[in-house]
file structure_5.txt (compact mmCIF, C-alpha atoms and all ligand atoms)
# COMPACT_ATOMS: atom_id res chain seq x y z
CA MET A 1433 -15.83 -39.16 -18.05
CA SER A 1434 -19.39 -37.83 -18.38
CA VAL A 1435 -19.77 -34.86 -20.72
CA ALA A 1436 -23.51 -34.23 -20.47
CA PRO A 1437 -24.32 -31.23 -18.25
CA LEU A 1438 -25.97 -32.20 -15.00
CA GLY A 1439 -29.63 -31.47 -14.27
CA THR A 1440 -30.48 -28.28 -12.35
CA LEU A 1441 -33.13 -27.47 -9.75
CA ASN A 1442 -35.11 -25.67 -12.47
CA ASP A 1443 -35.44 -28.96 -14.39
CA LEU A 1444 -37.47 -30.38 -11.51
CA PRO A 1445 -41.14 -29.75 -10.72
CA LYS A 1446 -41.54 -27.13 -7.99
CA ASP A 1447 -43.82 -29.37 -5.93
CA TYR A 1448 -41.19 -32.11 -6.01
CA VAL A 1449 -38.42 -29.75 -4.80
CA ALA A 1450 -40.81 -28.48 -2.09
CA ALA A 1451 -41.69 -32.05 -1.02
CA LEU A 1452 -37.98 -32.87 -0.73
CA SER A 1453 -37.22 -29.80 1.37
CA ASP A 1454 -40.16 -30.59 3.69
CA LEU A 1455 -38.43 -33.91 4.28
CA SER A 1456 -35.02 -32.21 4.80
CA LEU A 1457 -33.74 -33.76 1.59
CA ALA A 1458 -31.88 -32.29 -1.38
CA PRO A 1459 -31.08 -33.76 -4.79
CA LEU A 1460 -27.31 -34.07 -5.20
CA TRP A 1461 -26.94 -33.55 -8.95
CA PRO A 1462 -27.72 -29.77 -9.09
CA SER A 1463 -24.96 -29.18 -6.49
CA LEU A 1464 -22.58 -32.01 -7.35
CA ARG A 1465 -20.16 -29.83 -9.33
CA ASP A 1466 -20.02 -27.27 -6.49
CA VAL A 1467 -18.76 -29.85 -4.03
CA LEU A 1468 -16.83 -32.02 -6.51
CA PRO A 1469 -15.52 -29.83 -9.35
CA HIS A 1470 -13.38 -31.54 -11.96
CA ASP A 1471 -9.60 -31.72 -11.43
CA MET A 1472 -9.18 -28.69 -9.15
CA PRO A 1473 -11.07 -27.69 -5.98
CA SER A 1474 -13.03 -24.45 -5.98
CA ARG A 1475 -11.44 -22.01 -3.55
CA ALA A 1476 -13.01 -18.93 -2.02
CA THR A 1477 -9.81 -18.09 -0.11
CA ARG A 1478 -7.93 -15.22 -1.73
CA PRO A 1479 -4.21 -14.54 -1.85
CA HIS A 1480 -3.95 -11.54 0.48
CA VAL A 1481 -1.43 -9.47 2.42
CA TRP A 1482 -2.22 -7.87 5.78
CA ARG A 1483 0.23 -4.99 6.25
CA TYR A 1484 1.56 -4.52 9.73
CA GLY A 1485 2.02 -0.80 9.12
CA ALA A 1486 -1.74 -0.47 8.63
CA ILE A 1487 -2.72 -2.84 11.44
CA ARG A 1488 -0.41 -1.50 14.17
CA PRO A 1489 -2.08 1.90 14.77
CA ASN A 1490 -5.48 0.20 14.89
CA LEU A 1491 -4.21 -2.39 17.33
CA LEU A 1492 -2.78 0.34 19.59
CA ARG A 1493 -6.13 2.13 19.33
CA ALA A 1494 -7.84 -1.06 20.52
CA GLY A 1495 -5.55 -0.71 23.56
CA GLU A 1496 -7.09 2.73 24.23
CA LEU A 1497 -10.67 1.77 23.39
CA THR A 1498 -10.99 -1.60 25.08
CA PRO A 1499 -9.49 -2.48 28.46
CA ILE A 1500 -8.12 -6.01 28.69
CA GLU A 1501 -10.93 -7.05 31.08
CA LYS A 1502 -13.45 -6.19 28.36
CA ALA A 1503 -11.57 -8.13 25.70
CA GLU A 1504 -10.19 -11.21 27.50
CA ARG A 1505 -7.80 -11.40 24.54
CA ARG A 1506 -7.24 -8.09 22.70
CA VAL A 1507 -6.92 -9.33 19.14
CA LEU A 1508 -7.58 -8.03 15.63
CA VAL A 1509 -8.39 -11.06 13.50
CA LEU A 1510 -6.97 -11.45 9.98
CA CYS A 1511 -10.12 -12.18 7.96
CA ASN A 1512 -9.55 -13.43 4.44
CA PRO A 1513 -11.49 -11.09 2.12
CA GLY A 1514 -12.72 -14.05 0.07
CA LEU A 1515 -14.19 -15.73 3.16
CA GLY A 1516 -15.96 -12.79 4.84
CA LEU A 1517 -15.50 -10.98 8.15
CA GLU A 1518 -17.94 -13.15 10.12
CA ARG A 1519 -16.02 -16.41 9.85
CA LEU A 1520 -12.84 -15.01 11.43
CA ILE A 1521 -10.55 -17.12 9.26
CA ALA A 1522 -7.42 -16.44 7.22
CA THR A 1523 -7.70 -19.74 5.32
CA PRO A 1524 -10.25 -22.59 5.65
CA THR A 1525 -8.29 -24.15 8.54
CA ILE A 1526 -6.19 -21.30 9.95
CA TYR A 1527 -7.36 -18.61 12.37
CA ALA A 1528 -4.82 -15.80 12.68
CA GLY A 1529 -4.88 -12.61 14.70
CA LEU A 1530 -2.59 -9.96 16.12
CA GLN A 1531 -2.75 -9.70 19.89
CA LEU A 1532 -1.77 -6.63 21.94
CA ILE A 1533 -0.85 -6.64 25.60
CA LEU A 1534 0.14 -3.42 27.34
CA PRO A 1535 2.60 -2.99 30.25
CA GLY A 1536 1.13 -4.31 33.48
CA GLU A 1537 -1.74 -6.15 31.78
CA THR A 1538 -2.57 -9.85 32.09
CA ALA A 1539 -4.59 -12.04 29.77
CA GLU A 1540 -5.94 -14.46 32.39
CA ALA A 1541 -5.44 -18.22 32.44
CA HIS A 1542 -7.65 -20.45 30.34
CA ARG A 1543 -7.49 -23.56 28.24
CA HIS A 1544 -9.41 -24.51 25.14
CA THR A 1545 -9.92 -27.32 22.69
CA PRO A 1546 -8.24 -25.54 19.72
CA SER A 1547 -4.43 -25.54 19.75
CA ALA A 1548 -2.69 -22.20 19.43
CA ILE A 1549 0.74 -20.74 18.78
CA ARG A 1550 2.18 -17.29 19.38
CA PHE A 1551 4.80 -15.78 17.09
CA VAL A 1552 6.24 -12.62 18.62
CA ILE A 1553 6.27 -9.44 16.50
CA GLU A 1554 7.45 -6.67 18.83
CA GLY A 1555 8.04 -5.60 22.42
CA ASP A 1556 10.09 -6.82 25.37
CA GLY A 1557 9.04 -8.20 28.71
CA GLY A 1558 6.04 -10.27 27.66
CA TYR A 1559 5.75 -13.90 28.66
CA THR A 1560 3.27 -16.72 28.32
CA VAL A 1561 2.89 -19.35 31.04
CA VAL A 1562 2.02 -22.76 29.53
CA ASN A 1563 1.08 -25.48 32.04
CA GLY A 1564 3.21 -23.71 34.65
CA GLU A 1565 6.22 -23.20 32.36
CA LYS A 1566 7.21 -19.57 31.94
CA CYS A 1567 8.10 -18.85 28.30
CA PRO A 1568 9.70 -15.45 27.59
CA MET A 1569 8.44 -13.76 24.42
CA GLU A 1570 11.17 -12.19 22.32
CA LYS A 1571 10.72 -11.11 18.71
CA GLY A 1572 10.44 -14.14 16.43
CA ASP A 1573 9.97 -16.65 19.25
CA LEU A 1574 7.44 -19.43 18.61
CA ILE A 1575 5.44 -20.52 21.66
CA LEU A 1576 3.01 -23.45 21.58
CA THR A 1577 -0.17 -23.76 23.59
CA PRO A 1578 -1.44 -27.19 22.54
CA SER A 1579 -5.10 -28.18 22.89
CA GLY A 1580 -6.07 -28.34 26.56
CA SER A 1581 -2.97 -26.63 27.96
CA TRP A 1582 -3.42 -23.86 30.51
CA HIS A 1583 -2.06 -20.58 29.25
CA GLU A 1584 -1.93 -16.95 30.35
CA HIS A 1585 -0.05 -13.95 29.03
CA TRP A 1586 1.84 -11.43 31.16
CA HIS A 1587 3.72 -8.23 30.50
CA ALA A 1588 6.52 -7.03 32.76
CA GLY A 1589 8.08 -4.63 30.22
CA LYS A 1590 7.62 -0.98 29.27
CA ASN A 1591 6.36 -0.99 25.69
CA PRO A 1592 3.41 -2.64 23.94
CA VAL A 1593 3.93 -6.32 23.13
CA VAL A 1594 2.37 -7.65 19.92
CA TRP A 1595 2.32 -11.17 18.59
CA LEU A 1596 0.69 -13.23 15.87
CA ASP A 1597 -1.73 -15.86 17.13
CA ALA A 1598 -2.47 -18.85 14.90
CA LEU A 1599 -5.06 -21.43 15.93
CA ASP A 1600 -6.63 -24.51 14.39
CA LEU A 1601 -9.92 -23.04 15.63
CA PRO A 1602 -11.72 -23.28 12.24
CA VAL A 1603 -11.23 -27.07 12.28
CA ILE A 1604 -12.24 -27.55 15.92
CA TYR A 1605 -15.19 -25.17 15.41
CA ALA A 1606 -16.33 -27.17 12.37
CA LEU A 1607 -16.26 -30.24 14.62
CA GLU A 1608 -18.62 -28.31 16.99
CA HIS A 1609 -15.99 -28.97 19.65
CA SER A 1610 -14.62 -25.47 20.28
CA TYR A 1611 -14.87 -24.25 23.89
CA VAL A 1612 -12.82 -22.63 26.65
CA VAL A 1613 -12.44 -23.21 30.40
CA ASP A 1614 -11.27 -20.36 32.64
CA GLY A 1615 -8.67 -21.11 35.31
CA ALA A 1616 -6.76 -19.64 38.20
CA ARG A 1617 -3.39 -17.96 37.90
CA GLN A 1618 -0.73 -20.64 37.40
CA THR A 1619 2.23 -21.24 39.68
CA ILE A 1620 5.45 -20.89 37.69
CA LYS A 1621 7.60 -24.04 37.94
CA ASN A 1622 10.74 -23.00 36.10
CA GLY A 1623 13.49 -20.47 35.85
CA ALA A 1624 14.58 -20.91 32.24
CA ASP A 1625 12.17 -22.72 29.89
CA ARG A 1626 13.01 -26.18 28.49
CA SER A 1627 14.40 -24.77 25.20
CA MET A 1628 17.25 -23.46 27.40
CA THR A 1629 17.60 -26.52 29.63
CA HIS A 1630 16.39 -29.97 28.51
CA TYR A 1631 16.26 -29.34 24.74
CA ARG A 1632 19.18 -26.96 24.31
CA ARG A 1633 20.47 -28.48 21.05
CA ALA A 1634 19.06 -30.50 18.16
CA GLY A 1635 20.04 -34.17 18.40
CA LEU A 1636 20.17 -34.22 22.21
CA VAL A 1637 17.28 -35.27 24.44
CA PRO A 1638 17.21 -36.07 28.16
CA TYR A 1639 18.52 -39.63 28.58
CA SER A 1640 15.42 -40.59 30.57
CA VAL A 1641 13.31 -40.16 27.42
CA LEU A 1642 14.80 -43.30 25.84
CA GLY A 1643 12.56 -46.33 26.04
CA LYS A 1644 9.58 -44.30 27.22
CA ARG A 1645 6.41 -43.42 25.37
CA ARG A 1646 7.17 -40.14 23.63
CA GLU A 1647 5.57 -37.00 25.03
CA ASP A 1648 3.19 -35.14 22.73
CA TYR A 1649 4.47 -31.71 23.76
CA PRO A 1650 7.93 -31.75 25.38
CA LEU A 1651 8.96 -28.31 24.12
CA MET A 1652 6.77 -25.19 24.24
CA ARG A 1653 9.20 -22.45 23.14
CA PHE A 1654 11.44 -22.19 20.07
CA PRO A 1655 13.65 -19.10 20.50
CA TRP A 1656 14.18 -17.13 17.30
CA ARG A 1657 17.81 -16.46 18.21
CA GLU A 1658 18.46 -20.21 17.80
CA VAL A 1659 16.27 -20.69 14.73
CA ARG A 1660 17.81 -17.72 12.91
CA ALA A 1661 21.35 -18.94 13.63
CA ALA A 1662 20.36 -22.42 12.40
CA LEU A 1663 19.04 -20.97 9.12
CA VAL A 1664 22.18 -18.89 8.57
CA ASP A 1665 24.36 -21.98 9.23
CA MET A 1666 22.22 -24.10 6.92
CA ALA A 1667 22.58 -21.49 4.14
CA SER A 1668 26.36 -21.69 4.48
CA GLY A 1669 26.20 -25.43 3.79
CA CYS A 1670 23.57 -25.34 1.03
CA GLY A 1671 23.79 -25.24 -2.71
CA PRO A 1672 22.27 -22.07 -4.17
CA ARG A 1673 19.15 -23.93 -5.36
CA GLU A 1674 18.51 -25.82 -2.13
CA PRO A 1675 15.79 -24.13 -0.06
CA VAL A 1676 16.98 -22.87 3.34
CA HIS A 1677 13.92 -24.06 5.15
CA LEU A 1678 13.63 -25.63 8.62
CA ALA A 1679 10.60 -27.31 10.20
CA TYR A 1680 9.77 -26.92 13.88
CA VAL A 1681 9.37 -30.43 15.31
CA ASN A 1682 8.75 -32.31 18.53
CA PRO A 1683 12.34 -33.09 19.70
CA GLN A 1684 11.30 -36.50 21.08
CA THR A 1685 9.55 -37.80 17.95
CA GLY A 1686 10.97 -35.69 15.12
CA GLY A 1687 7.37 -35.24 13.95
CA GLU A 1688 5.31 -32.07 13.64
CA CYS A 1689 4.79 -30.18 16.91
CA LEU A 1690 0.99 -29.93 16.79
CA PRO A 1691 -1.61 -32.30 15.30
CA ILE A 1692 -3.30 -29.96 12.81
CA LEU A 1693 -1.03 -27.01 12.01
CA GLY A 1694 2.63 -27.17 11.00
CA PHE A 1695 5.32 -24.52 11.43
CA SER A 1696 8.50 -23.74 9.54
CA ALA A 1697 10.99 -20.92 9.07
CA GLN A 1698 12.67 -20.05 5.79
CA MET A 1699 15.55 -17.86 4.80
CA LEU A 1700 15.50 -16.23 1.36
CA ARG A 1701 18.97 -15.23 0.28
CA PRO A 1702 19.36 -11.77 -1.34
CA GLY A 1703 17.77 -11.91 -4.81
CA GLU A 1704 16.58 -15.50 -4.27
CA GLU A 1705 13.22 -16.60 -5.64
CA VAL A 1706 11.65 -19.84 -4.37
CA ARG A 1707 8.98 -21.64 -6.38
CA PRO A 1708 7.62 -24.53 -4.27
CA PRO A 1709 5.34 -27.15 -5.83
CA ARG A 1710 1.58 -26.57 -5.64
CA ARG A 1711 0.41 -28.10 -2.37
CA SER A 1712 -3.00 -29.24 -1.21
CA CYS A 1713 -2.63 -27.42 2.11
CA SER A 1714 -3.37 -23.76 2.80
CA SER A 1715 -0.95 -21.56 4.72
CA ILE A 1716 -0.06 -18.17 6.03
CA MET A 1717 3.38 -16.62 5.71
CA HIS A 1718 4.59 -14.06 8.24
CA VAL A 1719 7.61 -11.85 7.49
CA ILE A 1720 10.15 -11.82 10.30
CA GLU A 1721 12.83 -9.75 8.57
CA GLY A 1722 13.27 -8.27 5.13
CA ARG A 1723 11.12 -7.29 2.18
CA GLY A 1724 10.04 -9.01 -0.99
CA VAL A 1725 7.30 -9.92 -3.38
CA SER A 1726 5.16 -13.01 -3.82
CA GLN A 1727 3.12 -14.20 -6.79
CA ILE A 1728 0.19 -16.28 -5.62
CA ASP A 1729 -2.15 -17.57 -8.32
CA GLY A 1730 -1.14 -14.60 -10.48
CA VAL A 1731 -1.72 -12.01 -7.72
CA THR A 1732 1.35 -9.88 -6.93
CA LEU A 1733 1.77 -9.13 -3.22
CA HIS A 1734 4.61 -6.94 -1.95
CA TRP A 1735 5.65 -7.53 1.64
CA ASP A 1736 7.69 -5.92 4.41
CA GLU A 1737 8.69 -6.84 7.93
CA SER A 1738 5.80 -8.13 10.08
CA ASP A 1739 3.32 -8.41 7.19
CA THR A 1740 1.26 -11.61 6.94
CA ILE A 1741 0.12 -13.31 3.72
CA ALA A 1742 -2.64 -15.85 3.06
CA VAL A 1743 -1.89 -18.68 0.61
CA PRO A 1744 -4.92 -20.68 -0.64
CA THR A 1745 -4.87 -24.45 -1.21
CA HIS A 1746 -3.44 -25.66 -4.54
CA ALA A 1747 -1.95 -22.20 -5.22
CA ASP A 1748 0.87 -21.49 -7.64
CA VAL A 1749 3.37 -19.67 -5.42
CA SER A 1750 6.67 -17.86 -5.71
CA HIS A 1751 8.43 -15.68 -3.12
CA ARG A 1752 11.30 -13.34 -3.98
CA ASN A 1753 13.60 -11.49 -1.62
CA MET A 1754 13.84 -7.89 -2.88
CA GLY A 1755 16.27 -6.68 -0.23
CA GLU A 1756 20.06 -6.56 -0.01
CA ARG A 1757 20.12 -8.78 3.07
CA PRO A 1758 18.63 -12.19 3.80
CA ALA A 1759 14.87 -12.22 4.39
CA PHE A 1760 13.32 -14.53 6.99
CA VAL A 1761 9.74 -15.77 6.91
CA PHE A 1762 7.62 -17.99 9.13
CA HIS A 1763 5.04 -20.36 7.64
CA VAL A 1764 1.97 -21.89 9.26
CA ASP A 1765 0.27 -24.59 7.18
CA ASP A 1766 -2.28 -27.37 7.67
CA ALA A 1767 -0.06 -30.06 6.12
CA PRO A 1768 -0.06 -32.15 9.36
CA LEU A 1769 -3.84 -32.46 9.09
CA HIS A 1770 -3.70 -33.28 5.38
CA ARG A 1771 -1.07 -35.96 6.04
CA LYS A 1772 -3.06 -37.51 8.88
CA LEU A 1773 -6.16 -37.61 6.72
CA GLY A 1774 -4.21 -39.18 3.86
CA VAL A 1775 -5.14 -36.35 1.47
CA TYR A 1776 -1.83 -34.46 1.23
CA GLU A 1777 -0.81 -33.72 -2.38
CA GLU A 1778 1.95 -31.94 -4.22
CA HIS A 1779 1.53 -31.07 -7.90
CA GLU A 1780 3.50 -29.60 -10.76
CA ARG A 1781 3.01 -25.87 -11.18
CA LEU A 1782 0.28 -24.89 -13.65
O1 LIG A 1801 -4.34 -15.91 23.62
O2 LIG A 1801 -5.47 -17.57 24.39
O3 LIG A 1801 -6.26 -14.98 19.16
O4 LIG A 1801 -7.85 -17.95 23.43
C1 LIG A 1801 -7.88 -16.32 20.20
C2 LIG A 1801 -8.28 -17.08 21.28
C3 LIG A 1801 -5.83 -15.82 21.30
C4 LIG A 1801 -5.28 -16.70 23.55
C5 LIG A 1801 -6.67 -15.71 20.22
C6 LIG A 1801 -7.45 -17.21 22.38
C7 LIG A 1801 -6.22 -16.59 22.40

call {"tool": "encode", "arguments": {"input": "structure_5.txt", "output": "C-alpha cells"}}
result
Amino acid sequence: MSVAPLGTLNDLPKDYVAALSDLSLAPLWPSLRDVLPHDMPSRATRPHVWRYGAIRPNLLRAGELTPIEKAERRVLVLCNPGLGLERLIATPTIYAGLQLILPGETAEAHRHTPSAIRFVIEGDGGYTVVNGEKCPMEKGDLILTPSGSWHEHWHAGKNPVVWLDALDLPVIYALEHSYVVDGARQTIKNGADRSMTHYRRAGLVPYSVLGKRREDYPLMRFPWREVRAALVDMASGCGPREPVHLAYVNPQTGGECLPILGFSAQMLRPGEEVRPPRRSCSSIMHVIEGRGVSQIDGVTLHWDESDTIAVPTHADVSHRNMGERPAFVFHVDDAPLHRKLGVYEEHERL
C-alpha cells in the first residue's frame, strides 16, 4: 500500500492546469482519494429523523396553499440535510416524500421511468389505480407502481389521506433517463385487487403460472393487515434473538418486487434491540406503530409513529423498541441494486 501523500493541484504549474481544463481534462491524483478513499467510502448522507408531528401541519397547509391542479402531486420531499435541499433525496438512491390528497381530489394518470411505491400513513377512502387495477389504500398498505406503469390516485373518503412515496428516481435521474408521460383516466378492471384474489396466501399461485415465464409485477398491493398478522405469527415461532423481519417479494419468483429498491417489514418486540451488520446499501426506515430509539453511526434518533429515518451506507445501526407493545417498522433499501451490480457487502460492526 502506498504511504506517500498524493500530489495536489497546487503542486502543478498554473499554465499546465489551465491547459488541461481548456482541453476538458483533469489530473486524477489530486482527486483520487475523494473518489476512492481507503477502506471506507466517504458519505455525505446523514443519519436523520423526519418527525411526522412536524411535517403533518405543513403538509395540510400545502393543501390550503396549493390546489392539486397546481401541484400535480402534492408532496413534501424528505431532503437529507447532508445532501442539500436541491437534490430532493433522502439517501443517494432513495427519493422519499409525503403526499397529501384531500377528499374529492384526483392526482391524474401518468407513468414514468422511475419506479415508485406508496406506503399509507393515514386516512380512509384513498385508492391508487395501477394499470387498471384498483388498489385500496389503508394504513400500512404497500402499493407498487413499477417503472412504466400507469398510475393515478383517488380519494373517495372524508378525511385527508397521507402516504409515504419512495422512488428510485435518484438512480434513474443519474442515468439521465427520468421522464413522465401523462395519460387519460384509466378504466378500472377489478373489484378486489389481486392480493385478495389471485395471491391471497403465501405459497399459493394461480396454477396457470406454472411453466410460464414469470411476470415481473404480478402483485401491486400488500395489505398491512396481512403483513402485520404474518409478523405477529412469525414472532410466536421465533427464538428471542431471531429477527422478526419479512421481505416483500414477487409471489411468482420469490425475488425482490422491484429492480432497484427493496422493501421489508420488521417487528421489534417490547424492549428488543436489533443490531444488524453494517451493509453497503442505504435505506430509510418508516415507523408504522410504536416508539423507540436508533443509534446510527453514533447519532441518537428517537422515533414515534409515522416518523421516517435515513440510514447512510455502511452505517453502524441499532434500533430499540422503547414501548410496552410491539413496534412495527417498514424499511426501503437499495440492496436489490447492489446485488444486481455485484457490489453488495455486509461487514462486522465497527
Ligand atoms: O404519485 O406519481 O412523490 O410521480 C413523485 C413523483 C409521487 C406520484 C412523487 C410522482 C409521484

call {"tool": "residues_near_ligand", "arguments": {"input": "structure_5.txt", "ligand": "ligand LIG 1801 (chain A)", "cutoff": "10 Å", "atoms": "all atoms listed in the file", "output": "PyMOL selection string"}}
result
chain A and resi 1504-1510+1527-1532+1539-1550+1560+1577+1582-1585+1595-1599+1601+1611-1613

call {"tool": "closest_residue", "arguments": {"input": "structure_5.txt", "among": "A:Leu1438, A:Leu1576, A:Ala1522, A:Leu1468", "to": "A:Trp1482", "atoms": "only C-alpha atoms"}}
result
A:Ala1522

call {"tool": "closest_residue", "arguments": {"input": "structure_5.txt", "among": "A:Arg1633, A:Arg1710, A:His1763, A:Arg1646", "to": "A:Leu1678", "atoms": "all atoms listed in the file"}}
result
A:His1763

call {"tool": "residues_around", "arguments": {"input": "structure_5.txt", "residues": "A:Glu1570", "least_positions_apart": "2", "cutoff": "12 Å", "atoms": "all atoms listed in the file", "output": "PyMOL selection string"}}
result
chain A and resi 1550-1560+1567-1568+1572-1575+1587+1589+1593-1595+1653-1658

call {"tool": "residues_near_point", "arguments": {"input": "structure_5.txt", "point": "(17.6, -19.9, 14.9)", "cutoff": "12 Å", "atoms": "all atoms listed in the file", "output": "JSON, numbers by chain"}}
result
{"A": [1571, 1572, 1573, 1574, 1627, 1632, 1633, 1634, 1654, 1655, 1656, 1657, 1658, 1659, 1660, 1661, 1662, 1663, 1664, 1665, 1666, 1667, 1676, 1677, 1678, 1679, 1680, 1696, 1697, 1698, 1699, 1720, 1760, 1761, 1762]}

call {"tool": "closest_residue", "arguments": {"input": "structure_5.txt", "among": "A:Met1652, A:Ser1581, A:Gly1755, A:Leu1690", "to": "A:Glu1704", "atoms": "all atoms listed in the file"}}
result
A:Gly1755

call {"tool": "atom_distance", "arguments": {"input": "structure_5.txt", "atom1": "atom CA of A:Leu1782", "atom2": "atom CA of A:Arg1752"}}
result
18.7 Å

call {"tool": "build_atoms", "arguments": {"input": "structure_5.txt", "residues": "stretch 1736-1752 of chain A", "atoms": "N, CA, C and O atoms", "output": "compact mmCIF listing (two decimals), in the frame of the given file"}}
result
# COMPACT_ATOMS: atom_id res chain seq x y z
N ASP A 1736 6.66 -6.52 3.56
CA ASP A 1736 7.69 -5.92 4.41
C ASP A 1736 7.67 -6.63 5.75
O ASP A 1736 6.78 -7.44 6.01
N GLU A 1737 8.61 -6.24 6.59
CA GLU A 1737 8.69 -6.84 7.93
C GLU A 1737 7.35 -6.81 8.65
O GLU A 1737 6.64 -5.80 8.63
N SER A 1738 7.00 -7.94 9.24
CA SER A 1738 5.80 -8.13 10.08
C SER A 1738 4.48 -8.19 9.31
O SER A 1738 3.41 -8.24 9.92
N ASP A 1739 4.54 -8.18 7.97
CA ASP A 1739 3.32 -8.41 7.19
C ASP A 1739 2.98 -9.91 7.22
O ASP A 1739 3.85 -10.75 7.46
N THR A 1740 1.71 -10.21 6.95
CA THR A 1740 1.26 -11.61 6.94
C THR A 1740 0.45 -11.85 5.67
O THR A 1740 -0.35 -11.01 5.27
N ILE A 1741 0.69 -13.01 5.04
CA ILE A 1741 0.12 -13.31 3.72
C ILE A 1741 -0.67 -14.61 3.79
O ILE A 1741 -0.23 -15.58 4.42
N ALA A 1742 -1.83 -14.62 3.14
CA ALA A 1742 -2.64 -15.85 3.06
C ALA A 1742 -2.37 -16.54 1.73
O ALA A 1742 -2.38 -15.90 0.67
N VAL A 1743 -2.14 -17.86 1.80
CA VAL A 1743 -1.89 -18.68 0.61
C VAL A 1743 -2.98 -19.75 0.52
O VAL A 1743 -3.06 -20.63 1.39
N PRO A 1744 -3.85 -19.68 -0.51
CA PRO A 1744 -4.92 -20.68 -0.64
C PRO A 1744 -4.38 -22.08 -0.96
O PRO A 1744 -3.22 -22.23 -1.37
N THR A 1745 -5.23 -23.09 -0.81
CA THR A 1745 -4.87 -24.45 -1.21
C THR A 1745 -4.58 -24.48 -2.71
O THR A 1745 -5.13 -23.69 -3.47
N HIS A 1746 -3.72 -25.39 -3.12
CA HIS A 1746 -3.44 -25.66 -4.54
C HIS A 1746 -2.87 -24.45 -5.29
O HIS A 1746 -2.91 -24.42 -6.52
N ALA A 1747 -2.38 -23.43 -4.55
CA ALA A 1747 -1.95 -22.20 -5.22
C ALA A 1747 -0.58 -22.37 -5.88
O ALA A 1747 0.29 -23.09 -5.39
N ASP A 1748 -0.43 -21.67 -6.99
CA ASP A 1748 0.87 -21.49 -7.64
C ASP A 1748 1.59 -20.37 -6.90
O ASP A 1748 1.07 -19.25 -6.86
N VAL A 1749 2.75 -20.64 -6.33
CA VAL A 1749 3.37 -19.67 -5.42
C VAL A 1749 4.82 -19.42 -5.80
O VAL A 1749 5.55 -20.36 -6.14
N SER A 1750 5.24 -18.15 -5.74
CA SER A 1750 6.67 -17.86 -5.71
C SER A 1750 6.91 -16.72 -4.73
O SER A 1750 6.03 -15.86 -4.55
N HIS A 1751 8.06 -16.75 -4.05
CA HIS A 1751 8.43 -15.68 -3.12
C HIS A 1751 9.82 -15.20 -3.51
O HIS A 1751 10.72 -16.02 -3.68
N ARG A 1752 9.98 -13.88 -3.62
CA ARG A 1752 11.30 -13.34 -3.98
C ARG A 1752 11.75 -12.31 -2.94
O ARG A 1752 10.98 -11.42 -2.57
